[in-house]
Structures are given as structure tokens and as C-alpha cells.
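Visitor: Below is start-v2.pdb; it holds PDB, C-alpha atoms.
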```pdb
ATOM      1  CA  MET A 248      10.921   0.138  39.358
ATOM      2  CA  ALA A 249       7.420   0.443  40.803
ATOM      3  CA  GLY A 250       5.452  -2.696  41.543
ATOM      4  CA  PRO A 251       1.867  -3.645  40.723
ATOM      5  CA  ILE A 252      -0.814  -1.139  41.567
ATOM      6  CA  ARG A 253      -2.078  -1.348  45.169
ATOM      7  CA  PHE A 254      -4.192   0.769  47.482
ATOM      8  CA  ARG A 255      -2.698   3.110  50.045
ATOM      9  CA  VAL A 256      -4.900   3.246  53.137
ATOM     10  CA  SER A 257      -5.298   6.403  55.225
ATOM     11  CA  GLY A 258      -6.986   6.330  58.629
ATOM     12  CA  GLU A 259      -7.335  10.109  58.794
ATOM     13  CA  GLN A 260     -10.342  12.311  58.104
ATOM     14  CA  TRP A 261     -10.744  13.716  54.611
ATOM     15  CA  ASP A 262     -13.034  16.127  52.838
ATOM     16  CA  GLY A 263     -13.104  17.715  49.426
ATOM     17  CA  ASP A 264     -10.986  20.694  50.461
ATOM     18  CA  ARG A 265      -8.230  18.483  51.856
ATOM     19  CA  VAL A 266      -8.289  16.319  48.734
ATOM     20  CA  ASP A 267      -7.747  19.390  46.602
ATOM     21  CA  ARG A 268      -5.074  20.864  48.877
ATOM     22  CA  GLU A 269      -2.959  17.788  49.659
ATOM     23  CA  LEU A 270      -3.533  15.570  46.642
ATOM     24  CA  ARG A 271      -4.556  17.476  43.534
ATOM     25  CA  GLN A 272      -2.453  20.608  43.989
ATOM     26  CA  PRO A 273       0.935  18.869  44.518
ATOM     27  CA  LEU A 274       0.268  16.653  41.490
ATOM     28  CA  ALA A 275      -0.971  19.581  39.416
ATOM     29  CA  SER A 276       2.263  21.464  40.025
ATOM     30  CA  LYS A 277       4.221  18.547  38.544
ATOM     31  CA  PHE A 278       1.955  16.870  36.044
ATOM     32  CA  GLY A 279      -1.084  19.054  35.521
ATOM     33  CA  ALA A 280      -3.668  17.085  37.518
ATOM     34  CA  THR A 281      -7.376  17.483  36.821
ATOM     35  CA  ARG A 282      -9.943  16.367  39.384
ATOM     36  CA  ARG A 283     -12.991  14.607  37.926
ATOM     37  CA  ARG A 284     -15.919  12.511  39.007
ATOM     38  CA  PRO A 285     -15.246   8.804  38.564
ATOM     39  CA  THR A 286     -17.056   6.957  35.793
ATOM     40  CA  ILE A 287     -18.313   4.372  38.312
ATOM     41  CA  SER A 288     -20.121   5.567  41.440
ATOM     42  CA  PRO A 289     -18.300   4.675  44.673
ATOM     43  CA  PRO A 290     -19.915   2.656  47.494
ATOM     44  CA  PRO A 291     -22.828   4.593  49.053
ATOM     45  CA  GLU A 292     -20.991   5.681  52.210
ATOM     46  CA  TYR A 293     -17.983   7.031  50.287
ATOM     47  CA  GLU A 294     -17.163  10.132  48.317
ATOM     48  CA  ALA A 295     -14.686   9.703  45.499
ATOM     49  CA  CYS A 296     -12.799  11.409  42.718
ATOM     50  CA  ARG A 297     -10.279  10.589  40.042
ATOM     51  CA  LEU A 298      -7.207  12.621  39.187
ATOM     52  CA  ASP A 299      -6.079  12.601  35.580
ATOM     53  CA  MET A 300      -2.544  13.761  34.975
ATOM     54  CA  GLY A 301      -1.274  15.485  31.858
ATOM     55  CA  ASN A 302       1.298  12.705  31.335
ATOM     56  CA  GLY A 303      -1.376   9.988  31.236
ATOM     57  CA  ASP A 304      -1.105   8.936  34.880
ATOM     58  CA  LEU A 305      -4.294   8.192  36.791
ATOM     59  CA  ALA A 306      -5.274   8.098  40.469
ATOM     60  CA  LEU A 307      -8.471   7.220  42.322
ATOM     61  CA  PHE A 308      -9.335   8.406  45.810
ATOM     62  CA  ALA A 309     -12.316   7.476  47.962
ATOM     63  CA  TRP A 310     -12.913   8.712  51.495
ATOM     64  CA  TYR A 311     -15.370   7.944  54.289
ATOM     65  CA  ALA A 312     -16.766  10.769  56.384
ATOM     66  CA  GLU A 313     -15.983   9.188  59.765
ATOM     67  CA  ALA A 314     -12.292   8.659  58.832
ATOM     68  CA  GLY A 315     -10.765   6.341  56.340
ATOM     69  CA  ALA A 316      -9.658   6.714  52.745
ATOM     70  CA  TYR A 317      -8.232   4.680  49.877
ATOM     71  CA  TRP A 318      -5.782   5.919  47.259
ATOM     72  CA  LEU A 319      -4.984   3.960  44.098
ATOM     73  CA  GLY A 320      -2.701   5.419  41.477
ATOM     74  CA  ASN A 321       0.035   4.824  38.928
ATOM     75  CA  THR A 322       1.464   8.267  39.496
ATOM     76  CA  GLU A 323       3.718   9.833  42.105
ATOM     77  CA  THR A 324       2.261   9.322  45.586
ATOM     78  CA  PRO A 325       1.543  12.643  47.317
ATOM     79  CA  LYS A 326       3.698  13.209  50.385
ATOM     80  CA  THR A 327       0.757  13.092  52.792
ATOM     81  CA  LEU A 328       0.273   9.401  51.915
ATOM     82  CA  TRP A 329       3.902   8.268  51.956
ATOM     83  CA  ARG A 330       3.781   6.334  55.227
ATOM     84  CA  THR A 331       0.415   4.678  54.732
ATOM     85  CA  GLU A 332      -0.062   0.911  54.537
ATOM     86  CA  LYS A 333      -0.637  -0.830  51.205
ATOM     87  CA  GLU A 334      -3.376  -3.319  50.322
ATOM     88  CA  THR A 335      -4.038  -5.418  47.246
ATOM     89  CA  PHE A 336      -7.468  -5.644  45.644
ATOM     90  CA  GLU A 337      -8.014  -8.844  47.618
ATOM     91  CA  GLU A 338      -6.983  -7.270  50.946
ATOM     92  CA  ALA A 339      -9.043  -4.072  50.632
ATOM     93  CA  PRO A 340     -12.732  -4.013  51.612
ATOM     94  CA  TYR A 341     -14.753  -5.663  48.862
ATOM     95  CA  PRO A 342     -16.956  -2.613  48.013
ATOM     96  CA  ILE A 343     -13.883  -0.404  47.551
ATOM     97  CA  ALA A 344     -11.963  -3.028  45.590
ATOM     98  CA  ARG A 345     -14.942  -3.700  43.341
ATOM     99  CA  TRP A 346     -15.495   0.000  42.674
ATOM    100  CA  ALA A 347     -11.838   0.695  41.866
ATOM    101  CA  GLN A 348     -11.522  -2.314  39.579
ATOM    102  CA  ARG A 349     -14.699  -1.410  37.712
ATOM    103  CA  GLU A 350     -13.327   2.121  37.234
ATOM    104  CA  LEU A 351     -10.023   0.810  35.879
ATOM    105  CA  LEU A 352     -11.754  -1.707  33.623
ATOM    106  CA  ALA A 353     -13.922   1.092  32.236
ATOM    107  CA  GLU A 354     -10.746   3.067  31.563
ATOM    108  CA  LEU A 355      -9.186   0.054  29.835
ATOM    109  CA  GLU A 356     -12.278  -0.336  27.684
ATOM    110  CA  SER A 357     -11.897   3.275  26.632
ATOM    111  CA  THR A 358      -8.162   3.143  25.855
ATOM    112  CA  ASP A 359      -7.657  -0.499  24.767
ATOM    113  CA  PRO A 360     -11.009  -2.042  23.859
ATOM    114  CA  TRP A 361      -9.295  -5.001  22.150
ATOM    115  CA  LEU A 362      -7.858  -5.973  25.536
ATOM    116  CA  ALA A 363     -10.929  -5.198  27.632
ATOM    117  CA  GLU A 364     -12.910  -7.646  25.499
ATOM    118  CA  SER A 365     -10.931 -10.467  27.151
ATOM    119  CA  ASP A 366     -12.697 -10.161  30.488
ATOM    120  CA  HIS A 367     -10.571 -12.575  32.505
ATOM    121  CA  ILE A 368      -7.225 -11.374  31.137
ATOM    122  CA  ALA A 369      -8.219  -7.747  31.753
ATOM    123  CA  TRP A 370      -9.273  -8.494  35.342
ATOM    124  CA  PHE A 371      -6.404 -10.841  36.201
ATOM    125  CA  PHE A 372      -3.591  -8.611  34.940
ATOM    126  CA  LEU A 373      -5.217  -5.352  36.052
ATOM    127  CA  PRO A 374      -2.528  -4.768  38.738
ATOM    128  CA  VAL A 375       0.149  -4.598  36.016
ATOM    129  CA  PHE A 376      -1.948  -3.124  33.200
ATOM    130  CA  PHE A 377      -2.248  -0.058  35.455
ATOM    131  CA  SER A 378       1.151  -0.198  37.156
ATOM    132  CA  LYS A 379       3.285   2.914  37.053
ATOM    133  CA  ASP A 380       6.111   1.500  34.936
ATOM    134  CA  GLY A 381       4.566  -1.507  33.241
ATOM    135  CA  ARG A 382       1.228  -0.329  31.935
ATOM    136  CA  GLN A 383       2.435   0.133  28.369
ATOM    137  CA  THR A 384       4.835  -2.804  28.152
ATOM    138  CA  THR A 385       2.379  -5.381  29.472
ATOM    139  CA  ARG A 386      -0.317  -4.247  27.052
ATOM    140  CA  THR A 387       2.242  -4.287  24.234
ATOM    141  CA  PHE A 388       3.096  -7.904  25.047
ATOM    142  CA  PHE A 389      -0.484  -9.020  24.460
ATOM    143  CA  ARG A 390      -1.081  -6.664  21.534
ATOM    144  CA  ASP A 391       2.083  -7.046  19.455
ATOM    145  CA  HIS A 392       3.577 -10.364  20.585
ATOM    146  CA  ALA A 393       0.539 -12.668  20.906
ATOM    147  CA  ALA A 394       1.378 -13.233  24.595
ATOM    148  CA  GLY A 395       4.495 -15.167  23.600
ATOM    149  CA  PHE A 396       3.307 -17.374  20.747
ATOM    150  CA  PRO A 397       5.789 -16.871  17.875
ATOM    151  CA  ASP A 398       3.427 -17.658  15.003
ATOM    152  CA  ALA A 399      -0.009 -16.665  16.291
ATOM    153  CA  THR A 400      -2.284 -13.679  15.919
ATOM    154  CA  ARG A 401      -3.122 -11.366  18.786
ATOM    155  CA  LYS A 402      -6.613 -12.849  18.848
ATOM    156  CA  GLU A 403      -5.290 -16.409  19.159
ATOM    157  CA  GLY A 404      -2.962 -15.490  22.001
ATOM    158  CA  LEU A 405      -5.706 -13.684  23.875
ATOM    159  CA  GLU A 406      -8.199 -16.517  23.382
ATOM    160  CA  PHE A 407      -5.738 -19.096  24.715
ATOM    161  CA  TYR A 408      -5.042 -17.312  28.003
ATOM    162  CA  GLU A 409      -8.610 -16.055  28.332
ATOM    163  CA  SER A 410      -9.803 -19.667  28.244
ATOM    164  CA  PHE A 411      -7.238 -20.759  30.823
ATOM    165  CA  LEU A 412      -7.745 -17.877  33.252
ATOM    166  CA  SER A 413     -11.533 -18.259  33.062
ATOM    167  CA  THR A 414     -11.124 -21.519  34.994
ATOM    168  CA  GLY A 415     -10.146 -19.489  38.070
ATOM    169  CA  VAL A 416      -7.014 -21.574  38.646
ATOM    170  CA  PHE A 417      -4.938 -18.604  39.824
ATOM    171  CA  ASP A 418      -7.650 -16.343  41.224
ATOM    172  CA  ASP A 419      -6.288 -16.829  44.765
ATOM    173  CA  HIS A 420      -2.742 -16.101  43.575
ATOM    174  CA  ARG A 421      -3.497 -13.173  41.332
ATOM    175  CA  TYR A 422      -0.843 -10.710  42.473
ATOM    176  CA  THR A 423       1.820 -13.430  42.642
ATOM    177  CA  MET A 424       1.279 -14.575  39.067
ATOM    178  CA  ALA A 425       0.245 -11.299  37.423
ATOM    179  CA  THR A 426       3.262  -9.453  38.814
ATOM    180  CA  LYS A 427       5.609 -11.944  37.149
ATOM    181  CA  LEU A 428       4.644 -10.437  33.806
ATOM    182  CA  GLY A 429       6.539  -7.383  34.976
ATOM    183  CA  THR A 430       6.186  -3.721  35.793
ATOM    184  CA  SER A 431       9.149  -2.539  33.745
ATOM    185  CA  GLU A 432       9.173   0.337  31.269
ATOM    186  CA  ARG A 433      11.078  -1.901  28.822
ATOM    187  CA  VAL A 434       9.446  -4.751  26.920
ATOM    188  CA  ASP A 435      11.522  -7.692  28.162
ATOM    189  CA  LEU A 436      10.277 -10.464  25.889
ATOM    190  CA  VAL A 437      12.565 -13.114  27.366
ATOM    191  CA  ARG A 438      11.211 -12.590  30.872
ATOM    192  CA  MET A 439       7.623 -12.151  29.721
ATOM    193  CA  ARG A 440       7.696 -15.348  27.663
ATOM    194  CA  ALA A 441       9.257 -17.139  30.630
ATOM    195  CA  THR A 442       6.354 -15.962  32.773
ATOM    196  CA  MET A 443       3.819 -17.351  30.328
ATOM    197  CA  ALA A 444       5.679 -20.675  30.407
ATOM    198  CA  GLU A 445       4.505 -20.991  34.001
ATOM    199  CA  PHE A 446       0.917 -20.447  32.880
ATOM    200  CA  ASN A 447       1.418 -23.051  30.149
ATOM    201  CA  THR A 448       2.791 -25.611  32.577
ATOM    202  CA  ALA A 449      -0.054 -24.916  34.979
ATOM    203  CA  LYS A 450      -2.513 -25.506  32.151
ATOM    204  CA  LEU A 451      -0.950 -28.882  31.371
ATOM    205  CA  LEU A 452      -1.213 -29.938  35.000
ATOM    206  CA  THR A 453      -4.693 -28.594  35.684
ATOM    207  CA  ASP A 454      -6.040 -30.114  32.468
ATOM    208  CA  LEU A 455      -4.973 -33.453  33.960
ATOM    209  CA  GLY A 456      -6.981 -32.695  37.103
ATOM    210  CA  TYR A 457      -4.100 -31.633  39.337
ATOM    211  CA  THR A 458      -4.193 -28.663  41.709
ATOM    212  CA  VAL A 459      -1.144 -26.395  41.642
ATOM    213  CA  THR A 460       0.081 -23.824  44.141
ATOM    214  CA  PRO A 461       2.652 -21.288  42.873
ATOM    215  CA  GLU A 462       5.864 -19.942  44.400
ATOM    216  CA  ILE A 463       6.741 -22.615  46.946
ATOM    217  CA  ALA A 464       9.340 -21.290  49.412
ATOM    218  CA  LEU A 465      11.537 -24.111  50.704
ATOM    219  CA  ASP A 466      14.026 -24.609  53.520
ATOM    220  CA  SER A 467      16.805 -24.766  50.922
ATOM    221  CA  GLY A 468      16.357 -21.042  50.399
ATOM    222  CA  TYR A 469      14.935 -21.550  46.907
ATOM    223  CA  ALA A 470      11.379 -21.008  45.747
ATOM    224  CA  LEU A 471      10.169 -23.457  43.110
ATOM    225  CA  ASP A 472       7.463 -22.520  40.660
ATOM    226  CA  PHE A 473       4.718 -24.947  41.760
ATOM    227  CA  ARG A 474       3.686 -27.722  44.088
ATOM    228  CA  VAL A 475       1.181 -30.303  42.866
ATOM    229  CA  GLU A 476      -1.100 -30.639  45.864
ATOM    230  CA  GLU A 477      -2.385 -34.167  45.180
ATOM    231  CA  THR A 478       1.127 -35.657  45.235
ATOM    232  CA  GLY A 479       3.332 -33.005  46.860
ATOM    233  CA  THR A 480       5.455 -32.989  43.692
ATOM    234  CA  LEU A 481       7.588 -29.882  43.188
ATOM    235  CA  VAL A 482       7.735 -28.347  39.723
ATOM    236  CA  GLU A 483      10.264 -25.996  38.180
ATOM    237  CA  VAL A 484       9.695 -24.333  34.789
ATOM    238  CA  THR A 485      12.117 -22.926  32.233
ATOM    239  CA  ARG A 486      11.601 -21.554  28.726
ATOM    240  CA  PRO A 487      14.566 -21.584  26.362
ATOM    241  CA  GLU A 488      14.936 -18.948  23.701
ATOM    242  CA  PRO A 489      15.149 -20.666  20.299
ATOM    243  CA  PRO A 490      18.389 -20.588  18.276
ATOM    244  CA  THR A 491      16.971 -17.941  15.924
ATOM    245  CA  ARG A 492      17.178 -15.520  18.869
ATOM    246  CA  ARG A 493      20.594 -16.710  20.088
ATOM    247  CA  ARG A 494      24.047 -16.001  18.698
ATOM    248  CA  THR A 495      24.967 -19.635  18.021
ATOM    249  CA  GLY A 496      23.735 -23.144  18.470
ATOM    250  CA  THR A 497      21.031 -25.619  17.608
ATOM    251  CA  PRO A 498      17.569 -26.138  19.124
ATOM    252  CA  THR A 499      19.018 -28.855  21.362
ATOM    253  CA  ARG A 500      21.850 -26.585  22.480
ATOM    254  CA  ALA A 501      19.354 -23.840  23.286
ATOM    255  CA  ILE A 502      17.483 -26.199  25.603
ATOM    256  CA  ILE A 503      20.563 -27.601  27.317
ATOM    257  CA  ASP A 504      22.107 -24.170  27.870
ATOM    258  CA  THR A 505      18.910 -22.882  29.462
ATOM    259  CA  VAL A 506      18.503 -25.872  31.775
ATOM    260  CA  GLU A 507      22.151 -25.744  32.792
ATOM    261  CA  GLY A 508      21.611 -22.666  34.925
ATOM    262  CA  LYS A 509      19.152 -24.530  37.133
ATOM    263  CA  LEU A 510      21.158 -27.743  37.532
ATOM    264  CA  SER A 511      23.478 -26.369  40.202
ATOM    265  CA  THR A 512      20.790 -24.353  41.970
ATOM    266  CA  GLN A 513      17.098 -25.281  42.363
ATOM    267  CA  LEU A 514      17.399 -28.725  40.812
ATOM    268  CA  ASP A 515      20.545 -29.639  42.723
ATOM    269  CA  ALA A 516      18.782 -28.768  45.977
ATOM    270  CA  HIS A 517      15.578 -30.556  44.904
ATOM    271  CA  PRO A 518      16.550 -33.432  42.589
ATOM    272  CA  ASP A 519      13.072 -35.003  42.736
ATOM    273  CA  ALA A 520      11.408 -31.901  41.288
ATOM    274  CA  VAL A 521       9.884 -32.287  37.839
ATOM    275  CA  LEU A 522      11.427 -29.899  35.328
ATOM    276  CA  PHE A 523       9.126 -28.547  32.614
ATOM    277  CA  VAL A 524      10.988 -27.169  29.596
ATOM    278  CA  ASP A 525       8.577 -24.985  27.625
ATOM    279  CA  CYS A 526       9.608 -24.740  23.964
ATOM    280  CA  THR A 527       6.552 -22.733  22.932
ATOM    281  CA  SER A 528       8.841 -20.059  21.452
ATOM    282  CA  PHE A 529      10.279 -22.553  18.944
ATOM    283  CA  ARG A 530       9.184 -22.478  15.298
ATOM    284  CA  ASP A 531       7.926 -25.675  13.647
ATOM    285  CA  ASP A 532      11.283 -26.619  12.138
ATOM    286  CA  GLU A 533      13.127 -25.955  15.384
ATOM    287  CA  TRP A 534      10.653 -28.025  17.351
ATOM    288  CA  GLN A 535      10.830 -30.871  14.832
ATOM    289  CA  ALA A 536      14.592 -31.000  15.347
ATOM    290  CA  VAL A 537      14.033 -31.326  19.096
ATOM    291  CA  THR A 538      11.430 -34.074  18.842
ATOM    292  CA  ALA A 539      13.586 -36.020  16.377
ATOM    293  CA  GLU A 540      16.528 -36.012  18.780
ATOM    294  CA  GLN A 541      14.660 -35.935  22.123
ATOM    295  CA  PRO A 542      17.794 -34.778  23.933
ATOM    296  CA  ASP A 543      18.677 -35.508  27.531
ATOM    297  CA  VAL A 544      18.436 -32.108  29.204
ATOM    298  CA  GLY A 545      20.562 -33.042  32.211
ATOM    299  CA  HIS A 546      17.790 -33.593  34.744
ATOM    300  CA  GLU A 547      15.219 -36.302  35.320
ATOM    301  CA  PRO A 548      12.300 -36.283  35.586
ATOM    302  CA  SER A 549      11.767 -33.667  32.921
ATOM    303  CA  VAL A 550       9.050 -32.778  30.415
ATOM    304  CA  VAL A 551      10.055 -31.060  27.185
ATOM    305  CA  TYR A 552       6.996 -29.685  25.430
ATOM    306  CA  ARG A 553       5.601 -27.041  23.093
ATOM    307  CA  MET A 554       2.159 -25.480  23.503
ATOM    308  CA  ARG A 555       0.038 -24.353  20.580
ATOM    309  CA  PRO A 556      -2.544 -21.525  20.617
ATOM    310  CA  ASP A 557      -5.421 -23.980  20.173
ATOM    311  CA  GLY A 558      -4.487 -25.688  23.443
ATOM    312  CA  ARG A 559      -2.690 -28.715  22.000
ATOM    313  CA  ALA A 560       0.646 -29.696  23.517
ATOM    314  CA  ALA A 561       3.278 -32.074  22.207
ATOM    315  CA  GLY A 562       6.492 -33.283  23.760
ATOM    316  CA  TYR A 563       8.368 -36.063  25.495
ATOM    317  CA  ILE A 564       9.218 -37.160  29.043
ATOM    318  CA  ARG A 565      12.603 -38.144  30.458
ATOM    319  CA  GLY A 566      12.695 -40.156  33.674
ATOM    320  CA  GLU A 567       9.966 -41.407  36.003
ATOM    321  CA  THR A 568       7.406 -39.397  37.940
ATOM    322  CA  ILE A 569       4.204 -40.286  39.751
ATOM    323  CA  LEU A 570       2.426 -37.592  37.755
ATOM    324  CA  ASN A 571       0.427 -38.929  34.799
ATOM    325  CA  LEU A 572       1.914 -36.470  32.350
ATOM    326  CA  ALA A 573       1.888 -38.480  29.139
ATOM    327  CA  ALA A 574      -1.874 -37.977  28.831
ATOM    328  CA  ALA A 575      -1.316 -34.235  28.303
ATOM    329  CA  LEU A 576       1.091 -34.651  25.382
ATOM    330  CA  GLU A 577       0.436 -35.641  21.828
ATOM    331  CA  ASP A 578       2.638 -38.305  20.277
TER     332      ASP A 578
END
```
With the file now loaded, output its structure as C-alpha cells.
Guide:
Amino acid sequence: MAGPIRFRVSGEQWDGDRVDRELRQPLASKFGATRRRPTISPPPEYEACRLDMGNGDLALFAWYAEAGAYWLGNTETPKTLWRTEKETFEEAPYPIARWAQRELLAELESTDPWLAESDHIAWFFLPVFFSKDGRQTTRTFFRDHAAGFPDATRKEGLEFYESFLSTGVFDDHRYTMATKLGTSERVDLVRMRATMAEFNTAKLLTDLGYTVTPEIALDSGYALDFRVEETGTLVEVTRPEPPTRRRTGTPTRAIIDTVEGKLSTQLDAHPDAVLFVDCTSFRDDEWQAVTAEQPDVGHEPSVVYRMRPDGRAAGYIRGETILNLAAALED
């Protein structure tokens, strides 16, 4: 499975003839590649082209006369570029990164204008919206599944995450968080909803004024989802699938079964971590059963909550933590 889209960097000299010979022709023999001028003009010192494949793949290539070139594509990489280094949008020179992203955003506006209208979502998830394997599945998740809300419209799901991402909370961790949505050819709703649970938990914490850093690698060998910088508190997130999507059980059983897998791993190694159990996938009646019982999930401190598309969150807390979490939850 290919990962998120990244540049390949060549330090060799390029010209139009070499581009045609070593890039377009090998791709044309397999996919029917057509070389075109990009929609967005490249930086002044660069020449550039785009290659559109008959199977819908796309590649951008920009080269500098005195040696140096950047390839970005969700198609098969031509052999001449196999051993080149890779760079993210943040690692590449700003003029090149800006040009390539503007070109991809223009393409997204042409193919999926409903998605391009959400400026921050389109920009943030661009590495997966144009990944080789995940470009259709990630767009499908936002289009057909309201980004994980079970009873919301596409518009409501987009507006919720557009509002959150516009705060810039994860701008410095873009590839880390965007890639979690996945670059798979199959729409894996369980994993995708679990990814959005991390965004939901981050929203709860940042709305309270906390600063969160994702993917904290620890000496235990585990990586926990977040660290709250103001307190050093570690946070782990899980999102149970509701009983309507499971073979047997009740809403409480769904929660306990999901948490159980973490009790002997991350949470056993880090018992002081705060566990956030995101029940956003639960319907109203399922959630009401949870709040009526307020079950012990097997770990303290824990926060069991459900997020709504309008930004409201409700839930309960088990155990003590120095984080002021109650202020984020409705009674």
C-alpha cells in the first residue's frame, strides 16, 4: 500500500527532451500518459509540466536549469527516479511546495468542488486525497459518511472539521495526522472513524486551552496518541463501534470490549494516561443507555464522551486527573 503523496527530489540536470524520454514515454507505454502545461505557473526559475494518465493518475514535475528537479505523483514512479530522496510539502522548498499544492487544489476543485470548498480540510488532507491508493476512499469518507458522524449530513461533517482544522492545531503535524485517515484502496470505516476520534479528542482538549502534541513515542516501546504540553499528561484514544455494527452485545459491552485491548498494552505500561473513549458513532438511544449506566471501562482516569456535529460534547469522567475536563462536557 502506497503512503501519502510526497516529492521525489532529483539532483541531476533535466530538460524537456529528458522529461519526455525518461518520464512520459515509460508511463505512456503503461497508462497512456499525456504531457500538459500545469494549471498553475511554477516558480519563475523552474520549468514544469503535468502528466495525466489514462487511468486517472496524475504527476507533476518541475526542474531547474542548473540541476535539481521535483517529482510529485500518485502513479508508478519512473525507474530513473527510484533511488531519489523523498520530501513532504513541509520539507520541500516553499515555492515548489506552494506551486504543487495550488496545482493539486485546482485539480480537486475541478473533480470534487464540494470538497474543495472546505479550504482547510482540502489543504490538510491533500497528501491522502492525492495518494496513489487512498485518493478515492478518503474522499468517499467525507462525501458519503459525513466524516464519521452517524446521523449527520455531508455538509455538517465537513463544517465541523473545517472549523477545527482552521485553528491550525495540527498544521505542524500535518502528515502525521492526515496519514492516519489512510491510503488504502478499501473504505475502512472502522479505522477512519477511529482516526477522527483523535481529532475529536484534540478538539475537546484544545477548546479547554490545552496544547496537544500527537504520536508520543515512549521508552516502553508504545506510542500514545497525545501529550498535553501544559501538564505532561499522556492521552490515549479509542472509538468503539456501536452494537448495531457488532454481532452481539449492548452499548456498554461495546465500550468495554474495545477498551479491553488497550488494558494489557498501552494502558498497562502507562497507567496514569487519560483514556478518551469516543462514542461519536453511537446513535441517540445507544448513547442514552451508556449515560444512564455510566459503566466502569476498566481504566481510570477515563473520559467517555460523544461529539455532535455542532461541536457539543456530552459524557462522564471516571477517576481523577489534573486536567479540567468536566468543563468540556455537557451534563
Visitor: Figure out the distance between atom CA of Arg486 of chain A and atom CA of Ala520 of chain A, please, to one decimal in Å.
Guide: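 Atom-to-atom, atom CA of Ala520 of chain A to atom CA of Arg486 of chain A, that is 16.3 Å.
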Visitor: For segment 550-554 of chain A, work out the shell of residues within 10 Å, counting all atoms listed in the file and skipping chain neighbours fewer than 2 positions away, then give it as a ChimeraX atom specification.
Guide: /A:396,444,447-448,450-451,484-486,502,521-531,534,537-538,541-544,546-548,556-566,572-573,575-577
Visitor: Exactly which residues make up the result of the PyMOL selection byres ((chain A and resi 423) around 12) on this file, given as a list in words?
Guide: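 Those residues are Gly250, Pro251, Thr335, Glu337, Phe371, Phe372, Pro374, Val375, Phe417, Asp418, Asp419, His420, Arg421, Tyr422, Met424, Ala425, Thr426, Lys427, Leu428, Gly429, Thr442, Glu445, Thr460, Pro461, Glu462, Ile463, Asp472 and Phe473 of chain A.
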Visitor: Determine the residue set returned by the PyMOL selection byres ((chain A and resi 361) around 10) for the present structure, and present it as JSON, numbers by chain.
Guide: {"A": [355, 356, 357, 358, 359, 360, 362, 363, 364, 365, 389, 390, 401, 402, 405]}
Visitor: Do a neighbour search on Ala309 of chain A at 7 Å with all atoms listed in the file, toss out local chain neighbours closer than 6 positions, and write the hits as a list of chain:residue names.
Guide: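 With the cut-off at 7 Å, the set is A:Tyr293, A:Glu294, A:Ala295, A:Cys296, A:Ala316, A:Tyr317, A:Trp318.
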Visitor: Restrict the selected residues to C-alpha atoms and save them as a compact mmCIF listing (two decimals), keeping the file's coordinate frame.
Guide:
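Below is the file part_37.txt, written as the result:
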```
# COMPACT_ATOMS: atom_id res chain seq x y z
CA TYR A 293 -17.98 7.03 50.29
CA GLU A 294 -17.16 10.13 48.32
CA ALA A 295 -14.69 9.70 45.50
CA CYS A 296 -12.80 11.41 42.72
CA ALA A 316 -9.66 6.71 52.74
CA TYR A 317 -8.23 4.68 49.88
CA TRP A 318 -5.78 5.92 47.26
```
Visitor: Separation of atom CA of Thr497 of chain A and atom CA of Arg555 of chain A, in Å?
Guide: 21.2 Å
Visitor: Identify all residues satisfying the PyMOL selection byres ((chain A and resi 517) around 10) in the given file; provide them as a PyMOL selection string.
Guide: chain A and resi 465+467+469+471+481-483+510+512-516+518-521
Visitor: For a test of reading the model, state the distance in Å between atom CA of Asp262 of chain A and atom CA of Tyr311 of chain A, rounded to one decimal.
Guide: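 If I compute the distance from atom CA of Asp262 of chain A to atom CA of Tyr311 of chain A, I get 8.6 Å.
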Visitor: I'd like to know which of A:Asp267, A:Glu540, A:Glu350, A:Asp304 is closest to Trp370 of chain A, using only C-alpha atoms.
Guide: A:Glu350
Visitor: (9.2, -10.1, 25.9) in this file's frame - what residues fall within 12 Å of it? Use only C-alpha atoms and give the answer as a ChimeraX atom specification.
Guide: /A:384-397,427-429,431-443,488,492,528
Visitor: Select, from A:Gln272, A:Asn302, A:Gln348, A:Thr499, the residue with the minimum atom-to-atom distance to Phe254 of chain A, counting only C-alpha atoms.
Guide: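 For Phe254 of chain A, the nearest of the given residues is A:Gln348.
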Visitor: Taking every listed atom of segment 408-420 of chain A and adding 8 Å to each side, what centre and edge lengths in Å (one decimal) does the axis-aligned box have, as JSON?
Guide:
```
{"center_x": -7.1, "center_y": -18.8, "center_z": 36.4, "size_x": 24.8, "size_y": 21.5, "size_z": 32.8}
```
Visitor: Which polymer residues have any atom within 8 Å of an atom of Gly301 of chain A, counting only C-alpha atoms, with same-chain residues fewer than 3 positions away left out, as an NGL selection string?
Guide: :A and (278-280 or 304)
